[in-house]
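S.K.: Got run.txt for you, compact mmCIF, N, CA and C atoms:
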```txt
# COMPACT_ATOMS: atom_id res chain seq x y z
N MET T 1 61.84 9.23 -86.59
CA MET T 1 62.75 9.60 -87.66
C MET T 1 62.60 8.63 -88.84
N ARG T 2 62.41 7.37 -88.55
CA ARG T 2 62.28 6.36 -89.61
C ARG T 2 61.04 6.65 -90.46
N ASP T 3 59.94 7.11 -89.84
CA ASP T 3 58.71 7.41 -90.56
C ASP T 3 58.91 8.57 -91.53
N LEU T 4 59.68 9.56 -91.12
CA LEU T 4 59.97 10.71 -91.99
C LEU T 4 60.76 10.27 -93.22
N ILE T 5 61.72 9.39 -93.03
CA ILE T 5 62.53 8.90 -94.15
C ILE T 5 61.68 8.08 -95.11
N VAL T 6 60.77 7.29 -94.57
CA VAL T 6 59.89 6.48 -95.43
C VAL T 6 59.00 7.38 -96.27
N ARG T 7 58.51 8.48 -95.69
CA ARG T 7 57.64 9.39 -96.43
C ARG T 7 58.40 10.18 -97.48
N MET T 8 59.70 10.37 -97.31
CA MET T 8 60.49 11.14 -98.27
C MET T 8 60.82 10.33 -99.52
N GLY T 9 60.70 9.02 -99.47
CA GLY T 9 60.90 8.18 -100.63
C GLY T 9 62.36 8.05 -101.01
N ILE T 10 62.64 8.25 -102.29
CA ILE T 10 63.99 8.06 -102.82
C ILE T 10 64.97 9.05 -102.20
N VAL T 11 64.55 10.28 -102.02
CA VAL T 11 65.43 11.29 -101.42
C VAL T 11 65.79 10.89 -99.99
N GLY T 12 64.83 10.37 -99.26
CA GLY T 12 65.09 9.91 -97.90
C GLY T 12 66.06 8.75 -97.87
N GLU T 13 65.90 7.82 -98.82
CA GLU T 13 66.83 6.69 -98.89
C GLU T 13 68.24 7.17 -99.23
N LEU T 14 68.34 8.14 -100.14
CA LEU T 14 69.64 8.68 -100.50
C LEU T 14 70.31 9.36 -99.31
N LEU T 15 69.56 10.18 -98.58
CA LEU T 15 70.11 10.84 -97.40
C LEU T 15 70.49 9.84 -96.32
N GLN T 16 69.69 8.79 -96.16
CA GLN T 16 70.02 7.75 -95.18
C GLN T 16 71.30 7.03 -95.59
N PHE T 17 71.46 6.74 -96.86
CA PHE T 17 72.67 6.10 -97.36
C PHE T 17 73.90 6.97 -97.12
N LEU T 18 73.78 8.26 -97.44
CA LEU T 18 74.90 9.18 -97.25
C LEU T 18 75.25 9.31 -95.77
N TRP T 19 74.24 9.34 -94.91
CA TRP T 19 74.48 9.47 -93.48
C TRP T 19 75.16 8.22 -92.92
N LYS T 20 74.69 7.05 -93.38
CA LYS T 20 75.24 5.79 -92.88
C LYS T 20 76.69 5.60 -93.33
N ARG T 21 77.01 6.01 -94.56
CA ARG T 21 78.37 5.86 -95.09
C ARG T 21 79.29 7.01 -94.69
N LYS T 22 78.76 7.96 -93.91
CA LYS T 22 79.49 9.13 -93.43
C LYS T 22 80.03 9.99 -94.59
N LEU T 23 79.19 10.16 -95.58
CA LEU T 23 79.52 11.01 -96.73
C LEU T 23 78.82 12.36 -96.58
N TYR T 24 79.07 13.01 -95.47
CA TYR T 24 78.40 14.28 -95.16
C TYR T 24 78.71 15.36 -96.18
N TRP T 25 79.88 15.32 -96.79
CA TRP T 25 80.28 16.36 -97.72
C TRP T 25 79.47 16.31 -99.01
N LEU T 26 78.77 15.22 -99.29
CA LEU T 26 77.94 15.12 -100.49
C LEU T 26 76.57 15.77 -100.32
N ILE T 27 76.12 15.93 -99.08
CA ILE T 27 74.77 16.44 -98.84
C ILE T 27 74.57 17.85 -99.41
N PRO T 28 75.50 18.81 -99.24
CA PRO T 28 75.28 20.13 -99.86
C PRO T 28 75.20 20.08 -101.39
N MET T 29 75.97 19.19 -102.01
CA MET T 29 75.90 19.07 -103.47
C MET T 29 74.56 18.52 -103.92
N ILE T 30 74.04 17.54 -103.20
CA ILE T 30 72.74 16.95 -103.53
C ILE T 30 71.64 17.99 -103.37
N VAL T 31 71.69 18.75 -102.28
CA VAL T 31 70.68 19.80 -102.03
C VAL T 31 70.74 20.86 -103.13
N THR T 32 71.95 21.25 -103.54
CA THR T 32 72.09 22.24 -104.62
C THR T 32 71.51 21.71 -105.92
N LEU T 33 71.78 20.47 -106.24
CA LEU T 33 71.22 19.89 -107.46
C LEU T 33 69.69 19.83 -107.41
N ILE T 34 69.13 19.52 -106.26
CA ILE T 34 67.67 19.48 -106.12
C ILE T 34 67.09 20.88 -106.29
N LEU T 35 67.74 21.89 -105.72
CA LEU T 35 67.25 23.27 -105.87
C LEU T 35 67.30 23.72 -107.32
N PHE T 36 68.38 23.38 -108.03
CA PHE T 36 68.45 23.73 -109.45
C PHE T 36 67.37 23.01 -110.26
N ALA T 37 67.10 21.77 -109.93
CA ALA T 37 66.05 21.03 -110.63
C ALA T 37 64.69 21.68 -110.41
N ILE T 38 64.42 22.11 -109.18
CA ILE T 38 63.16 22.79 -108.89
C ILE T 38 63.08 24.10 -109.66
N LEU T 39 64.17 24.83 -109.72
CA LEU T 39 64.21 26.09 -110.45
C LEU T 39 63.97 25.88 -111.94
N ILE T 40 64.53 24.84 -112.50
CA ILE T 40 64.33 24.54 -113.93
C ILE T 40 62.88 24.14 -114.19
N ILE T 41 62.31 23.33 -113.30
CA ILE T 41 60.92 22.91 -113.48
C ILE T 41 59.98 24.11 -113.38
N LEU T 42 60.21 24.98 -112.40
CA LEU T 42 59.37 26.17 -112.27
C LEU T 42 59.57 27.14 -113.44
N GLY T 43 60.78 27.22 -113.95
CA GLY T 43 61.06 28.11 -115.08
C GLY T 43 60.46 27.64 -116.38
N SER T 44 60.19 26.36 -116.50
CA SER T 44 59.60 25.84 -117.73
C SER T 44 58.08 25.96 -117.73
N ASN T 45 57.50 26.27 -116.59
CA ASN T 45 56.06 26.45 -116.50
C ASN T 45 55.70 27.88 -116.89
N PRO T 46 54.85 28.07 -117.89
CA PRO T 46 54.53 29.43 -118.34
C PRO T 46 53.90 30.32 -117.27
N ALA T 47 53.22 29.73 -116.31
CA ALA T 47 52.57 30.52 -115.27
C ALA T 47 53.57 31.09 -114.28
N THR T 48 54.68 30.42 -114.07
CA THR T 48 55.67 30.87 -113.08
C THR T 48 56.88 31.54 -113.71
N GLN T 49 56.97 31.56 -115.04
CA GLN T 49 58.13 32.16 -115.70
C GLN T 49 58.35 33.62 -115.33
N PRO T 50 57.34 34.46 -115.31
CA PRO T 50 57.60 35.87 -114.95
C PRO T 50 58.19 36.04 -113.56
N PHE T 51 57.80 35.20 -112.63
CA PHE T 51 58.33 35.32 -111.27
C PHE T 51 59.77 34.84 -111.19
N ILE T 52 60.10 33.78 -111.93
CA ILE T 52 61.47 33.27 -111.92
C ILE T 52 62.41 34.24 -112.62
N TYR T 53 61.98 34.79 -113.74
CA TYR T 53 62.86 35.68 -114.51
C TYR T 53 63.14 36.99 -113.78
N THR T 54 62.25 37.42 -112.90
CA THR T 54 62.52 38.64 -112.15
C THR T 54 63.58 38.44 -111.08
N LEU T 55 63.84 37.18 -110.70
CA LEU T 55 64.91 36.91 -109.74
C LEU T 55 66.28 37.15 -110.33
N PHE T 56 66.41 36.99 -111.64
CA PHE T 56 67.71 37.14 -112.29
C PHE T 56 67.72 38.40 -113.11
```
How would this structure read if it were set down as structure tokens?
M.R.:
Amino acid sequence: MRDLIVRMGIVGELLQFLWKRKLYWLIPMIVTLILFAILIILGSNPATQPFIYTLF
């Protein structure tokens, strides 16, 4: 498990911090923010814009 967290980098450290401090309720908010960030990054790429816009 420790090796997986090391490979995840900053996100792994954040999840480890939240788990250690028992802040489980923050994990869904962090995951939602990461998904929105991925959606924004993919939407700004001209090659993936048609696929993203068809979702909405």
S.K.: Could you tell me how far atom N of Leu15 (chain T) sits from CA of Asp3 (chain T), in Å to one decimal place?
M.R.: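 Computing it gives 13.8 Å between the two atoms.
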S.K.: What residues in chain T get the DSSP label alpha helix (DSSP H)? Please answer as a PyMOL selection string.
M.R.: chain T and resi 2-8+10-20+27-44+49-55
S.K.: Suppose you want the space between CA of Leu39 (chain T) and atom N of Thr54 (chain T); what is it in Å?
M.R.: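 We find that CA of Leu39 (chain T) and atom N of Thr54 (chain T) lie 11.8 Å from each other.
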S.K.: Mind giving me the straight-line distance from CA of Phe36 (chain T) to CA of Ile52 (chain T) in Å, one decimal?
M.R.: 12.1 Å
S.K.: I'd like to know which of T:Glu13, T:Gly43, T:Met29, T:Lys22 is closest to Leu55 (chain T), using only C-alpha atoms.
M.R.: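 Nearest candidate to Leu55 (chain T) out of T:Glu13, T:Gly43, T:Met29, T:Lys22: T:Gly43.
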